[in-house]
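> My questions all concern the structure below.
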Amino acid sequence: MRTLVPGRIRRDLPALIVALFALLPGRAFAAEDNHTGFRVVQERTDDSVTLIMKSDYCIEYTVTLEATLKNMTPSRAVPFTVDAAGRRSFVLARFKVTDKTRPWHYEYNYHWEYGGRRNSTTNDADYAMPFGPGRYVVMQGPRGTFSHFAGSGSENAVDWDVPEGTIICAAREGRVVGVRDDSTVSGVDPKFKPLGNYVIIKHADGTFADYHHLQTGGAMAKIGDEVKVGQPIGLSGQTGFASKPHLHFMVFQAIDGKKVLSLPFRLKTDHGTFTDFIRGRSY
Ligand SMILES: [Zn+2]
């Protein structure tokens with residue numbers, strides 16, 4: 001049950017924001033996303049600042065940089081968005097002091113999202129039920145009124161009503177590119193949105209699947225694993241923004257580093273093929 005507000009930072013997947021201010025050589029503060037190892041490191045000289053994007057994992061992601069500069073010239077116009085597929089470290093931008101005799105100032109924000117930008121928004125693949133054999137009830141479908149709002153980044157997500165500890169299986173084969181399972185908290189308050197545990201799997205066509213709200217310590221896959229359909233990847237829970245245990249399942253792609261696009265998906269089970277998911281019905 002995650003909420004995405006268009007135009008705002010997507011906080012329920014690991015996105016992060018760093019604000020940094022410098023009033024001549026001086027104060028700075030920064031925050032890091034320690035769970036995923038994404039961060040911007042700055043290298044400063046007396047007349048320039050170089051922002052270096054670093055990630056501990058060679059995964060595909062998209063990063064957007066915004067900056068406000070006074071008496072500084074950027075190496076490329078801001079804001080901008082770049083794909084960072086598999087690069088552990090690269091120069092994001094350089095800000096150079098324009099006139100050294102005058103005060104200079106900079107501040108910046110950056111945001112990242114899993115996935116490279118795709119030209120296509122198709123999702124022509126079969127997805128298995130992300131659990132073992134059986135039928136499962138939809139707690140909230142696409143364009144739901146709790147958090148899968150129409151027009152939001154999770155518009156096409158499905159919340160499956162499963163008890164804590166249910167084994168989650170890969171709905172489609174792919175490579176694990178994101179894992180978090182150290183969160184211990186949950187609640188029905190947007191402040192819990194960044195605190196869900198998850199496994200993210202990248203598919204061959206560039207789409208991703210998000211398996212969200214896993215229980216603490218509930219990941220059964222690690223970054224880089226190649227997983228097959230039906231392979232156990234985690235245990236369900238209710239970490240993050242959730243009122244009860246369930247699995248938030250979503251297929252998505254990156255638009256830019258601030259927002260993702262969820263895609264409709266086709267569920268194929270041994271009793272049918274489904275593209276509509278209605279709250280309260282079993283599939
Ligand atoms: Zn949800």
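Letters A, B, ... go to the chains of the structure tokens in the order shown; residues in each chain start at 1; ligands are counted from 1 in the same order.
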As number ranges by chain, please: every protein or nucleic acid residue near ligand 1 (cut-off 12 Å, counting only C-alpha atoms and all ligand atoms).
A: 1-4, 12-13, 138-149, 152-161, 193, 196, 210-213, 238-251, 262, 279
> Just list as a list in words whatever in range 98-278 of chain A DSSP marks as helix (DSSP H, G or I).
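DSSP on the backbone gives helix (DSSP H, G or I) at Pro190, Lys191, Phe192, Lys193, Pro194 and Leu195 of chain A.
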> Any idea what's packed within 7 Å of range 81-91 of chain A, counting only C-alpha atoms, ignoring anything in its chain fewer than 6 positions away? Could you give it as an MDAnalysis selection string?
chainID A and resid 51:65 116 256:257
> Which residues come within 7 Å of Ala219 in chain A, counting only C-alpha atoms, excluding same-chain residues fewer than 5 positions away, as a list in words?
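Using only C-alpha atoms, the neighbours found are Asp181, Val199, Ile233, Gly234 and Leu235 of chain A.
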> If you keep all heavy atoms, can you produce a file of those selected residues as a compact mmCIF listing (two decimals), in the first residue's frame?

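Ended up saving to out11.txt:
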```txt
# COMPACT_ATOMS: atom_id res chain seq x y z
N ASP A 181 16.24 -5.82 3.64
CA ASP A 181 15.41 -6.55 4.61
C ASP A 181 15.77 -6.24 6.05
O ASP A 181 15.48 -7.01 6.94
CB ASP A 181 15.46 -8.07 4.33
CG ASP A 181 16.77 -8.72 4.74
OD1 ASP A 181 17.73 -7.99 5.08
OD2 ASP A 181 16.83 -9.96 4.74
N VAL A 199 12.54 -6.91 -2.50
CA VAL A 199 13.45 -7.48 -3.50
C VAL A 199 13.04 -6.89 -4.84
O VAL A 199 11.85 -6.84 -5.16
CB VAL A 199 13.37 -9.02 -3.53
CG1 VAL A 199 14.13 -9.57 -4.74
CG2 VAL A 199 13.92 -9.62 -2.24
N ILE A 233 12.11 -16.07 -3.24
CA ILE A 233 13.00 -14.91 -3.13
C ILE A 233 12.82 -14.16 -1.81
O ILE A 233 13.61 -13.27 -1.50
CB ILE A 233 12.78 -13.92 -4.29
CG1 ILE A 233 11.31 -13.49 -4.36
CG2 ILE A 233 13.24 -14.54 -5.61
CD1 ILE A 233 11.05 -12.33 -5.31
N GLY A 234 11.78 -14.52 -1.05
CA GLY A 234 11.61 -13.79 0.20
C GLY A 234 10.38 -14.24 0.97
O GLY A 234 9.65 -15.14 0.54
N LEU A 235 10.20 -13.63 2.14
CA LEU A 235 9.06 -13.91 3.00
C LEU A 235 8.26 -12.62 3.19
O LEU A 235 8.83 -11.57 3.49
CB LEU A 235 9.55 -14.43 4.36
CG LEU A 235 10.34 -15.74 4.31
CD1 LEU A 235 10.98 -16.03 5.67
CD2 LEU A 235 9.42 -16.90 3.90
```
> Would you please work out which residue, of A:Asn119, A:Gln253, A:Gln231, A:Thr275, is nearest to His203 in chain A when using only C-alpha atoms?
A:Gln253
> So what do you get for CA of Val49 in chain A versus CA of Ala254 in chain A, distance-wise?
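According to the coordinates, CA of Val49 in chain A and CA of Ala254 in chain A are separated by 28.2 Å.
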> Counting only C-alpha atoms, which of A:Val185, A:Leu92, A:Ala77, A:Leu261 gets nearest to Arg39 in chain A?
A:Leu92
> What does the structure give for the distance between CA of Gly237 in chain A and CA of Lys259 in chain A, in Å to one decimal?
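Rounded to one decimal, the two atoms are 24.8 Å apart.
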> To one decimal place in Å, what is the distance between CA of Phe252 in chain A and CA of Tyr114 in chain A?
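So the two atoms, CA of Phe252 in chain A and CA of Tyr114 in chain A, lie 9.2 Å apart.
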> Write out as an NGL selection string all residues of range 144-250 of chain A that backbone DSSP assigns to strand (DSSP E or B).
:A and (158-161 or 167-169 or 174-180 or 186-187 or 197-202 or 208-219 or 226-227 or 232-237 or 240-241 or 246-250)
> Point out the residue among A:Trp112, A:Phe95, A:Gly151, A:Val179 with the least atom-to-atom distance to Lys202 in chain A, counting only C-alpha atoms.
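Distance minimum relative to Lys202 in chain A lands on A:Val179.
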